[in-house]
$ cat query_30.txt   # compact mmCIF, C-alpha atoms and all ligand atoms
# COMPACT_ATOMS: atom_id res chain seq x y z
CA MET A 742 -44.25 19.90 28.55
CA ASP A 743 -42.07 22.68 29.85
CA SER A 744 -38.52 23.05 28.65
CA VAL A 745 -36.84 22.04 31.93
CA GLU A 746 -38.73 18.80 32.18
CA ASN A 747 -38.06 18.22 28.53
CA GLY A 748 -34.32 18.73 28.99
CA LEU A 749 -34.35 21.72 26.64
CA SER A 750 -32.55 24.97 27.17
CA SER A 751 -31.31 28.09 25.50
CA HIS A 752 -29.73 25.97 22.75
CA GLU A 753 -33.28 25.51 21.55
CA THR A 754 -33.08 28.49 19.26
CA VAL A 755 -29.33 28.55 18.70
CA GLU A 756 -29.51 27.78 15.01
CA GLN A 757 -31.94 29.94 13.13
CA ASP A 758 -32.85 27.04 10.90
CA VAL A 759 -33.43 24.56 13.66
CA THR A 760 -37.16 24.18 13.97
CA LEU A 761 -36.85 20.96 15.95
CA PRO A 762 -35.93 21.78 19.55
CA LEU A 763 -32.85 19.77 20.44
CA PRO A 764 -31.76 19.13 24.02
CA ASP A 765 -28.36 20.24 25.30
CA ALA A 766 -27.01 16.72 25.60
CA PHE A 767 -27.72 16.02 21.94
CA LEU A 768 -26.26 19.35 20.84
CA ASP A 769 -23.14 18.53 22.86
CA PHE A 770 -22.96 15.13 21.17
CA LEU A 771 -23.22 16.81 17.74
CA GLU A 772 -20.56 19.36 18.66
CA GLU A 773 -18.16 16.71 19.97
CA ASN A 774 -18.55 14.86 16.70
CA GLY A 775 -18.31 17.94 14.48
CA LEU A 776 -21.87 17.56 13.19
CA ASP A 777 -24.06 20.43 12.09
CA PRO A 778 -27.37 20.60 14.03
CA SER A 779 -29.11 22.41 11.20
CA ILE A 780 -29.69 19.13 9.35
CA TYR A 781 -32.40 18.33 11.90
CA SER A 782 -34.37 21.30 10.63
CA MET A 783 -34.77 19.32 7.42
CA ALA A 784 -36.77 16.53 9.02
CA ASN A 785 -39.99 18.12 7.78
CA SER A 786 -38.77 18.85 4.26
CA THR A 787 -36.81 15.68 3.45
CA PRO A 788 -39.10 13.41 1.45
CA ARG A 789 -40.29 10.06 2.64
CA TYR A 790 -39.42 7.19 0.32
CA ILE A 791 -41.31 4.09 -0.63
CA ARG A 792 -40.20 1.04 -2.51
CA LEU A 793 -42.61 -0.56 -4.92
CA LYS A 794 -42.79 -4.32 -4.78
CA PRO A 795 -41.50 -5.65 -8.13
CA GLY A 796 -44.48 -6.64 -10.26
CA CYS A 797 -46.67 -3.77 -9.02
CA GLU A 798 -45.37 -1.22 -11.58
CA ASP A 799 -48.74 -1.06 -13.35
CA GLU A 800 -50.49 0.01 -10.18
CA LEU A 801 -48.74 3.35 -9.72
CA THR A 802 -51.72 5.50 -10.64
CA GLU A 803 -53.95 3.58 -8.28
CA ILE A 804 -51.43 3.93 -5.44
CA GLU A 805 -51.10 7.66 -6.13
CA ALA A 806 -54.86 8.05 -5.93
CA GLU A 807 -54.99 6.14 -2.69
CA LEU A 808 -52.12 8.03 -1.02
CA LYS A 809 -53.43 11.30 -2.52
CA CYS A 810 -49.96 12.38 -3.63
CA GLU A 811 -47.61 12.12 -6.57
CA LEU A 812 -45.07 9.28 -6.48
CA LYS A 813 -41.88 10.89 -7.77
CA LYS A 814 -39.53 8.35 -9.32
CA VAL A 815 -36.08 8.36 -7.77
CA VAL A 816 -34.07 8.37 -10.97
CA TRP A 817 -30.91 6.94 -9.47
CA LEU A 818 -32.59 4.12 -7.56
CA PRO A 819 -34.89 1.70 -9.41
CA GLY A 820 -38.18 0.93 -7.73
CA PHE A 821 -38.02 3.87 -5.30
CA PHE A 822 -40.38 6.84 -5.17
CA ALA A 823 -40.31 10.02 -3.11
CA ILE A 824 -43.49 11.18 -1.43
CA PRO A 825 -44.13 14.27 0.73
CA PRO A 826 -42.84 13.80 4.28
CA HIS A 827 -46.26 14.13 5.93
CA ILE A 828 -47.84 11.24 4.00
CA GLN A 829 -48.47 8.18 6.17
CA ILE A 830 -48.56 4.89 4.31
CA ALA A 831 -49.31 2.42 7.11
CA GLY A 832 -53.08 2.88 6.90
CA SER A 833 -53.18 2.46 3.13
CA LYS A 834 -54.46 -0.63 1.34
CA SER A 835 -51.38 -0.67 -0.88
CA TYR A 836 -49.21 -1.02 2.19
CA GLN A 837 -51.46 -3.54 3.86
CA LEU A 838 -51.55 -5.63 0.70
CA GLY A 839 -47.76 -5.56 0.49
CA LYS A 840 -47.47 -3.48 -2.71
CA ILE A 841 -45.29 -0.79 -1.12
CA TYR A 842 -43.07 -0.44 1.89
CA GLY A 843 -41.39 2.51 3.50
CA MET A 844 -37.61 2.55 3.06
CA ASP A 845 -35.24 5.47 2.87
CA ALA A 846 -33.45 5.84 -0.47
CA ALA A 847 -30.04 5.78 1.26
CA SER A 848 -30.91 2.37 2.74
CA GLY A 849 -31.79 1.16 -0.74
CA ALA A 850 -28.38 2.38 -1.90
CA ALA A 851 -26.66 0.28 0.79
CA VAL A 852 -28.40 -2.83 -0.55
CA LEU A 853 -27.55 -2.01 -4.17
CA ALA A 854 -23.92 -1.36 -3.21
CA LEU A 855 -23.65 -5.02 -2.27
CA ASN A 856 -24.33 -5.96 -5.90
CA VAL A 857 -26.14 -9.21 -5.13
CA LEU A 858 -26.07 -11.59 -8.08
CA SER A 859 -28.22 -14.52 -8.97
CA GLY A 860 -27.18 -17.58 -6.95
CA ASP A 861 -25.41 -15.61 -4.23
CA HIS A 862 -25.55 -16.75 -0.63
CA VAL A 863 -26.10 -13.58 1.35
CA LEU A 864 -25.79 -12.84 5.07
CA ASP A 865 -27.53 -9.87 6.72
CA LEU A 866 -25.91 -9.77 10.15
CA CYS A 867 -28.08 -7.04 11.77
CA ALA A 868 -31.29 -7.70 9.93
CA ALA A 869 -34.14 -6.27 12.00
CA PRO A 870 -36.58 -4.66 11.50
CA GLY A 871 -35.98 -5.84 7.98
CA ALA A 872 -36.37 -3.23 5.24
CA LYS A 873 -32.97 -4.12 3.76
CA LEU A 874 -33.63 -7.82 4.28
CA CYS A 875 -36.82 -7.55 2.19
CA MET A 876 -35.04 -5.70 -0.58
CA LEU A 877 -32.23 -8.28 -0.50
CA CYS A 878 -34.84 -11.04 -0.93
CA ASP A 879 -36.26 -9.18 -3.90
CA VAL A 880 -32.92 -8.69 -5.63
CA LEU A 881 -31.87 -12.26 -4.92
CA GLY A 882 -34.81 -13.62 -6.91
CA ASP A 883 -35.08 -17.35 -7.53
CA SER A 884 -31.66 -18.65 -6.63
CA GLY A 885 -29.15 -18.49 -3.82
CA SER A 886 -30.09 -17.92 -0.20
CA LEU A 887 -30.42 -15.21 2.40
CA THR A 888 -29.59 -15.58 6.09
CA GLY A 889 -30.87 -12.89 8.45
CA VAL A 890 -29.44 -12.58 11.96
CA ASP A 891 -30.40 -10.26 14.79
CA PHE A 892 -29.79 -10.14 18.50
CA SER A 893 -33.32 -9.06 19.32
CA ARG A 894 -35.97 -11.76 19.16
CA HIS A 895 -38.98 -9.47 18.95
CA ARG A 896 -37.37 -7.33 16.24
CA LEU A 897 -36.45 -10.42 14.23
CA ALA A 898 -39.98 -11.73 14.66
CA ALA A 899 -41.08 -8.47 12.97
CA CYS A 900 -38.78 -9.40 10.05
CA ARG A 901 -40.48 -12.76 9.81
CA THR A 902 -43.87 -11.02 9.65
CA MET A 903 -42.57 -8.74 6.88
CA LEU A 904 -41.20 -11.68 4.86
CA GLN A 905 -44.54 -13.41 5.11
CA LYS A 906 -46.53 -10.28 4.32
CA TYR A 907 -44.50 -9.61 1.18
CA SER A 908 -44.21 -13.34 0.28
CA LEU A 909 -40.45 -13.07 0.25
CA GLY A 910 -39.27 -15.77 2.62
CA ASN A 911 -38.81 -18.70 0.24
CA ARG A 912 -35.00 -18.58 0.22
CA CYS A 913 -34.55 -16.97 3.58
CA ARG A 914 -33.74 -18.22 7.08
CA LEU A 915 -33.72 -16.17 10.27
CA PHE A 916 -31.60 -16.75 13.36
CA VAL A 917 -31.85 -14.96 16.68
CA ALA A 918 -28.13 -14.83 17.43
CA ASP A 919 -25.25 -12.65 18.42
CA GLY A 920 -23.76 -11.35 15.19
CA THR A 921 -20.34 -11.03 16.80
CA SER A 922 -20.05 -14.79 17.16
CA PHE A 923 -22.60 -16.21 14.68
CA SER A 924 -20.93 -19.08 12.85
CA ILE A 925 -23.42 -20.84 10.60
CA LEU A 926 -22.41 -21.01 6.95
CA PRO A 927 -24.73 -21.12 3.95
CA VAL A 928 -26.11 -24.55 3.25
CA ARG A 929 -23.91 -25.19 0.23
CA ALA A 930 -21.09 -25.45 2.76
CA SER A 931 -22.77 -28.47 4.26
CA PHE A 932 -22.83 -30.36 1.02
CA GLY A 933 -20.17 -32.68 2.33
CA ILE A 934 -22.95 -33.89 4.57
CA ASN A 935 -25.98 -35.59 3.07
CA PRO A 936 -29.31 -34.25 4.18
CA CYS A 937 -30.82 -36.52 6.85
CA GLY A 938 -32.35 -39.52 5.16
CA ALA A 939 -35.78 -40.72 6.25
CA ASN A 940 -34.18 -43.85 7.68
CA SER A 941 -31.26 -42.12 9.27
CA GLU A 942 -30.98 -42.58 12.99
CA ARG A 943 -31.02 -38.79 13.28
CA SER A 944 -34.18 -38.38 11.24
CA THR A 945 -36.26 -37.52 14.29
CA ASP A 946 -34.30 -34.30 14.46
CA ARG A 947 -34.76 -33.57 10.76
CA LEU A 948 -36.04 -30.12 9.87
CA LEU A 949 -39.33 -30.46 8.07
CA GLU A 950 -41.04 -27.62 6.24
CA TRP A 951 -41.34 -24.58 8.48
CA THR A 952 -44.62 -24.07 10.27
CA SER A 953 -45.58 -21.47 12.83
CA LYS A 954 -46.92 -24.28 15.00
CA ARG A 955 -44.03 -25.34 17.21
CA THR A 956 -43.70 -28.79 18.65
CA TRP A 957 -43.41 -29.09 22.40
CA LYS A 958 -39.75 -30.11 21.97
CA ASP A 959 -39.02 -27.02 19.87
CA ARG A 960 -40.74 -24.71 22.31
CA ARG A 961 -38.77 -26.19 25.19
CA ARG A 962 -35.53 -25.85 23.23
CA ALA A 963 -36.32 -22.20 22.39
CA SER A 964 -37.32 -21.35 25.91
CA LYS A 965 -34.10 -22.90 27.24
CA ALA A 966 -32.05 -20.87 24.76
CA ARG A 967 -33.99 -17.73 25.69
CA ASN A 968 -33.46 -18.12 29.36
CA GLY A 969 -36.24 -15.61 30.07
CA THR A 970 -34.79 -12.66 28.13
CA ASP A 971 -35.61 -11.08 24.80
CA LEU A 972 -31.98 -11.07 23.80
CA VAL A 973 -30.04 -14.11 22.74
CA THR A 974 -27.88 -15.56 25.44
CA SER A 975 -26.54 -18.78 24.02
CA ASP A 976 -26.90 -20.78 20.82
CA PRO A 977 -28.48 -19.34 17.70
CA GLU A 978 -32.19 -19.98 17.46
CA LEU A 979 -33.77 -20.62 14.08
CA ILE A 980 -37.10 -18.78 14.03
CA PHE A 981 -38.00 -19.08 10.35
CA TYR A 982 -36.87 -20.78 7.16
CA GLY A 983 -38.33 -20.88 3.70
CA ARG A 984 -38.85 -23.97 1.58
CA HIS A 985 -35.79 -23.21 -0.58
CA SER A 986 -33.50 -21.81 2.07
CA GLY A 987 -31.55 -25.07 2.12
CA VAL A 988 -32.67 -25.92 5.64
CA VAL A 989 -35.50 -28.39 4.90
CA GLY A 990 -34.20 -31.94 5.18
CA LEU A 991 -31.15 -31.12 7.27
CA CYS A 992 -30.67 -32.44 10.75
CA ARG A 993 -30.28 -29.89 13.51
CA ASN A 994 -26.73 -30.95 14.21
CA GLN A 995 -25.84 -30.47 10.53
CA LEU A 996 -27.31 -27.00 10.51
CA PHE A 997 -25.80 -25.93 13.82
CA ARG A 998 -22.47 -27.74 13.43
CA ARG A 999 -19.30 -25.91 14.43
CA VAL A 1000 -17.29 -24.67 11.46
CA ASP A 1001 -13.52 -24.71 11.58
CA ASP A 1002 -11.52 -21.55 11.12
CA ASN A 1003 -10.56 -21.99 7.47
CA GLU A 1004 -13.94 -23.12 6.22
CA PRO A 1005 -15.54 -19.69 5.62
CA SER A 1006 -12.76 -18.73 3.17
CA THR A 1007 -13.99 -21.31 0.68
CA SER A 1008 -17.57 -22.02 1.75
CA GLY A 1009 -18.61 -18.76 3.35
CA TYR A 1010 -21.13 -16.21 2.13
CA ASP A 1011 -20.71 -14.47 -1.23
CA LYS A 1012 -22.07 -11.20 0.14
CA VAL A 1013 -22.43 -9.90 3.69
CA LEU A 1014 -24.31 -6.84 4.90
CA VAL A 1015 -23.33 -5.45 8.31
CA ASP A 1016 -25.86 -2.67 8.88
CA ALA A 1017 -24.55 -2.16 12.37
CA GLU A 1018 -26.26 -1.00 15.51
CA CYS A 1019 -25.37 2.69 15.97
CA THR A 1020 -26.48 5.95 17.60
CA HIS A 1021 -28.96 6.57 14.71
CA ASP A 1022 -28.11 10.27 14.78
CA GLY A 1023 -28.16 10.46 10.97
CA SER A 1024 -31.71 9.22 10.85
CA ILE A 1025 -33.29 12.63 11.21
CA LYS A 1026 -36.86 11.34 11.23
CA HIS A 1027 -35.91 8.89 13.97
CA ILE A 1028 -34.40 11.71 16.05
CA GLN A 1029 -37.54 13.76 15.45
CA LYS A 1030 -39.57 11.00 17.15
CA TYR A 1031 -37.81 11.73 20.47
CA GLU A 1032 -39.90 14.89 20.64
CA PHE A 1033 -42.74 12.53 21.48
CA TRP A 1034 -40.81 9.73 23.18
CA GLY A 1035 -39.01 12.24 25.41
CA TRP A 1036 -35.46 13.49 25.12
CA LYS A 1037 -34.47 11.60 28.25
CA THR A 1038 -35.01 8.41 26.28
CA LEU A 1039 -32.59 9.72 23.66
CA GLN A 1040 -30.06 10.39 26.36
CA ARG A 1041 -30.45 6.91 27.80
CA ARG A 1042 -30.55 5.06 24.49
CA VAL A 1043 -28.15 7.09 22.41
CA LEU A 1044 -25.92 9.52 24.21
CA ASP A 1045 -24.73 7.65 27.26
CA ALA A 1046 -20.93 7.79 26.89
CA GLU A 1047 -20.32 4.27 28.12
CA ARG A 1048 -22.89 2.97 25.68
CA THR A 1049 -21.17 4.82 22.84
CA ASP A 1050 -17.80 3.26 23.74
CA ASN A 1051 -19.39 -0.16 23.83
CA LEU A 1052 -21.04 0.57 20.50
CA LEU A 1053 -17.71 1.22 18.79
CA ASN A 1054 -16.50 -2.10 20.11
CA LEU A 1055 -19.68 -3.84 19.00
CA GLN A 1056 -19.46 -2.33 15.51
CA LEU A 1057 -15.88 -3.51 15.11
CA GLN A 1058 -16.78 -6.98 16.32
CA LEU A 1059 -19.78 -7.22 14.01
CA LEU A 1060 -17.68 -6.12 11.06
CA THR A 1061 -14.90 -8.55 12.00
CA ASN A 1062 -17.24 -11.51 12.31
CA GLY A 1063 -19.16 -10.61 9.16
CA PHE A 1064 -15.87 -10.54 7.28
CA ARG A 1065 -14.79 -13.86 8.81
CA LEU A 1066 -17.93 -15.48 7.37
CA LEU A 1067 -17.28 -14.08 3.87
CA ARG A 1068 -15.66 -16.32 1.25
CA VAL A 1069 -12.48 -15.18 -0.47
CA GLY A 1070 -13.52 -13.07 -3.45
CA GLY A 1071 -16.74 -12.00 -1.71
CA SER A 1072 -17.81 -8.49 -0.71
CA LEU A 1073 -19.13 -6.98 2.48
CA VAL A 1074 -21.01 -3.72 2.97
CA TYR A 1075 -20.64 -1.98 6.33
CA SER A 1076 -23.23 0.73 6.93
CA THR A 1077 -24.57 2.79 9.80
CA CYS A 1078 -27.15 5.55 10.07
CA SER A 1079 -24.80 7.56 12.26
CA LEU A 1080 -22.93 10.53 10.84
CA THR A 1081 -20.06 10.41 13.33
CA VAL A 1082 -16.56 9.65 12.05
CA ALA A 1083 -15.88 7.34 15.00
CA GLN A 1084 -18.67 4.89 14.14
CA ASN A 1085 -17.89 4.91 10.43
CA GLU A 1086 -14.44 5.73 9.06
CA GLY A 1087 -12.99 5.14 12.56
CA VAL A 1088 -14.33 1.58 12.76
CA VAL A 1089 -13.42 0.81 9.15
CA GLU A 1090 -9.84 2.10 9.57
CA GLN A 1091 -9.33 0.03 12.72
CA PHE A 1092 -10.72 -3.02 10.99
CA LEU A 1093 -8.53 -2.57 7.89
CA SER A 1094 -5.42 -2.15 10.00
CA ARG A 1095 -6.05 -5.54 11.63
CA ASN A 1096 -7.14 -7.48 8.55
CA PRO A 1097 -4.61 -7.70 5.73
CA SER A 1098 -7.03 -9.69 3.57
CA ALA A 1099 -9.54 -6.81 3.61
CA GLU A 1100 -9.47 -4.16 0.89
CA LEU A 1101 -11.80 -1.22 0.40
CA GLN A 1102 -13.71 -1.61 -2.82
CA GLN A 1103 -14.98 1.07 -5.19
CA ILE A 1104 -18.78 1.10 -5.34
CA ASP A 1105 -19.05 1.33 -9.13
CA ILE A 1106 -22.82 1.47 -9.18
CA ALA A 1107 -22.68 4.71 -7.13
CA ASP A 1108 -21.70 6.85 -10.14
CA GLY A 1109 -24.49 9.41 -10.29
CA TRP A 1110 -25.74 8.85 -6.74
CA PRO A 1111 -26.40 12.08 -4.82
CA CYS A 1112 -23.87 11.42 -2.07
CA ARG A 1113 -20.37 12.49 -1.18
CA SER A 1114 -17.19 10.68 -0.36
CA GLY A 1115 -16.52 9.75 3.25
CA ARG A 1116 -13.28 10.75 4.94
CA ILE A 1117 -11.65 7.63 3.47
CA PRO A 1118 -11.71 7.39 -0.34
CA LYS A 1119 -14.21 4.86 -1.77
CA THR A 1120 -16.57 5.23 1.22
CA LEU A 1121 -19.86 7.10 0.77
CA ARG A 1122 -21.95 9.40 2.89
CA PHE A 1123 -25.59 10.27 2.38
CA ASP A 1124 -27.15 13.11 4.36
CA PRO A 1125 -30.25 15.30 4.14
CA THR A 1126 -28.38 18.26 2.65
CA THR A 1127 -26.46 16.41 -0.06
CA SER A 1128 -28.89 13.63 -0.85
CA GLN A 1129 -32.36 14.65 0.36
CA THR A 1130 -32.29 11.38 2.28
CA SER A 1131 -31.60 10.29 5.80
CA GLY A 1132 -27.96 10.05 6.83
CA LEU A 1133 -26.09 6.86 5.97
CA PHE A 1134 -22.46 5.81 5.72
CA ILE A 1135 -21.48 2.98 3.35
CA ALA A 1136 -18.15 1.18 2.97
CA LYS A 1137 -17.63 -1.83 0.72
CA ILE A 1138 -14.87 -4.29 1.57
CA PHE A 1139 -13.46 -7.08 -0.59
CA LYS A 1140 -11.89 -10.28 0.76
CA LEU A 1141 -8.52 -11.11 -0.75
CA ALA A 1142 -6.82 -14.49 -0.61
CA THR A 1143 -3.94 -14.44 1.86
C1 LIG A 1201 -29.50 -0.37 12.38
S1 LIG A 1201 -30.43 -1.71 12.94
C2 LIG A 1201 -30.51 -2.71 11.48
C3 LIG A 1201 -31.57 -2.25 10.51
C4 LIG A 1201 -31.89 -3.28 9.45
N1 LIG A 1201 -30.72 -3.67 8.70
C5 LIG A 1201 -32.94 -2.79 8.50
O1 LIG A 1201 -32.66 -2.41 7.38
O2 LIG A 1201 -34.12 -2.79 8.89
C6 LIG A 1201 -29.30 -2.59 13.91
C7 LIG A 1201 -29.79 -3.93 14.42
O3 LIG A 1201 -28.67 -4.57 15.03
C8 LIG A 1201 -29.19 -5.43 16.03
N2 LIG A 1201 -28.06 -5.82 16.92
C9 LIG A 1201 -27.51 -5.15 17.95
N3 LIG A 1201 -26.52 -5.88 18.49
C10 LIG A 1201 -26.42 -7.01 17.77
C11 LIG A 1201 -25.60 -8.16 17.84
N4 LIG A 1201 -24.63 -8.29 18.75
N5 LIG A 1201 -25.82 -9.15 16.95
C12 LIG A 1201 -26.78 -9.05 16.02
N6 LIG A 1201 -27.59 -7.98 15.91
C13 LIG A 1201 -27.42 -6.99 16.77
C14 LIG A 1201 -30.27 -4.60 16.69
O4 LIG A 1201 -31.17 -5.44 17.36
C15 LIG A 1201 -30.88 -3.88 15.48
O5 LIG A 1201 -32.02 -4.57 15.04
$ encode --input "query_30.txt" --output "structure tokens"
Amino acid sequence: MDSVENGLSSHETVEQDVTLPLPDAFLDFLEENGLDPSIYSMANSTPRYIRLKPGCEDELTEIEAELKCELKKVVWLPGFFAIPPHIQIAGSKSYQLGKIYGMDAASGAAVLALNVLSGDHVLDLCAAPGAKLCMLCDVLGDSGSLTGVDFSRHRLAACRTMLQKYSLGNRCRLFVADGTSFSILPVRASFGINPCGANSERSTDRLLEWTSKRTWKDRRRASKARNGTDLVTSDPELIFYGRHSGVVGLCRNQLFRRVDDNEPSTSGYDKVLVDAECTHDGSIKHIQKYEFWGWKTLQRRVLDAERTDNLLNLQLQLLTNGFRLLRVGGSLVYSTCSLTVAQNEGVVEQFLSRNPSAELQQIDIADGWPCRSGRIPKTLRFDPTTSQTSGLFIAKIFKLAT
């Protein structure tokens, strides 16, 4: 493809280190946001990371032989291994059998920062495609629950496939819903309501064990909610729930009941992850893919100014609603894979100024992590230069009683 068609220009060789040709529009975006384009030259030298499914620790040598590379333990992040960037795992048996999955170490750090404890009820408000959701399921173990929400049906369906592949869905439920208005609390909050009894007049609407085979009534309900689009337009749609997610035995109207404003403070989630939609500019391997997808796609999907303004609004709304659903004494992690100040510290500062019950929390577990402080103290930034990982911003917020 020639450089004009590709949207490339003289900027292509501006930075000696930049081996990845970057289009003008993206370089302008980086300049406007004070970001150094040379990090994109590291796309081919930053390791790939895999996470080993707990229980597969004895199979390391076998996996190394299969992938034909050394699995280098990430000392600061249990269960993670670095592999050379060119190694593809998708074709491997270990991947297909669910022993490993690809996940950047910085993403693993965002999950650990949440400090999920046994028995916690956890909400992942932007869950798809689901790497963090899977890790959350793993750290949750045999108690508590996990609720995954995403606006995109097909991306959330991919999460469901992952949960099933890795046998992780037992305590998890997935809703296609708008995270800025999602309002369903963990099931312990419904304990004022008895699960639908077999003889209850509402028992016909009782949620039985989840099956991929949908009844005609369910399909009609889903299709009505969908209204012909892939994105959610109205009520949340439950597309998966595990046997111990708390859903089995409830009636639909119990599950989908409206909560009143004060309820989340006492009965909300213990932990909330808001891994918000963003421009993905810190995800250097993702940006590298636009070489193949076409830089015009990057411009349309990422750089459009109106879209960026809307994004800032969306991020603030997601953070605000995630925090609303948190119980007093609970913690929320806000993360993005953008490196811009506006989408990170900017959003967090705006949010804090409007929410007196929100307080930035020190991420104690981060002592020894290869990251630096964000522009606001207690926030963290990972990037290829400092961390040998993809870019990620993490802020942890505590909910005070007011
Ligand atoms: C950065 S990705 C999340 C990645 C995910 N946490 C993971 O680890 O795989 C952001 C997600 O936010 C979703 N999203 C965008 N707008 C949303 C909204 N209003 N409500 C819920 N999810 C939304 C997108 O569909 C996308 O899947």
$ closest_residue --input "query_30.txt" --among "A:Thr1120, A:Asn856, A:Ser1079, A:Gln837" --to "ligand LIG 1201 (chain A)" --atoms "all atoms listed in the file"
A:Ser1079
$ closest_residue --input "query_30.txt" --among "A:Leu776, A:Leu1141, A:Ala831, A:Met844" --to "ligand LIG 1201 (chain A)" --atoms "all atoms listed in the file"
A:Met844
$ residues_near_ligand --input "query_30.txt" --ligand "ligand LIG 1201 (chain A)" --cutoff "10 Å" --atoms "all atoms listed in the file" --output "PyMOL selection string"
chain A and resi 844-845+848-849+851-852+865-877+889-897+899-900+916-923+972-973+1014-1021+1024+1052+1055-1056+1058-1059+1076-1079
$ residues_near_point --input "query_30.txt" --point "(-50.0, 2.6, -7.3)" --cutoff "12 Å" --atoms "all atoms listed in the file" --output "MDAnalysis selection string"
chainID A and resid 791:813 820 822 830 833:836 838:842
$ closest_residue --input "query_30.txt" --among "A:Leu881, A:Ala1099, A:Ile1025, A:Val1088" --to "Ser859 of chain A" --atoms "all atoms listed in the file"
A:Leu881
$ atom_distance --input "query_30.txt" --atom1 "atom CA of Phe1139 of chain A" --atom2 "atom CA of Leu909 of chain A"
27.7 Å
$ axis_aligned_box --input "query_30.txt" --around "segment 1033-1045 of chain A" --padding-each-side "8 Å" --output "JSON"
{"center_x": -33.7, "center_y": 9.3, "center_z": 24.9, "size_x": 34.0, "size_y": 24.4, "size_z": 22.8}
$ residues_around --input "query_30.txt" --residues "segment 1045-1047 of chain A" --least-positions-apart "4" --cutoff "12 Å" --atoms "only C-alpha atoms" --output "ChimeraX atom specification"
/A:766-767,769-770,773,1020,1037-1041,1051-1054
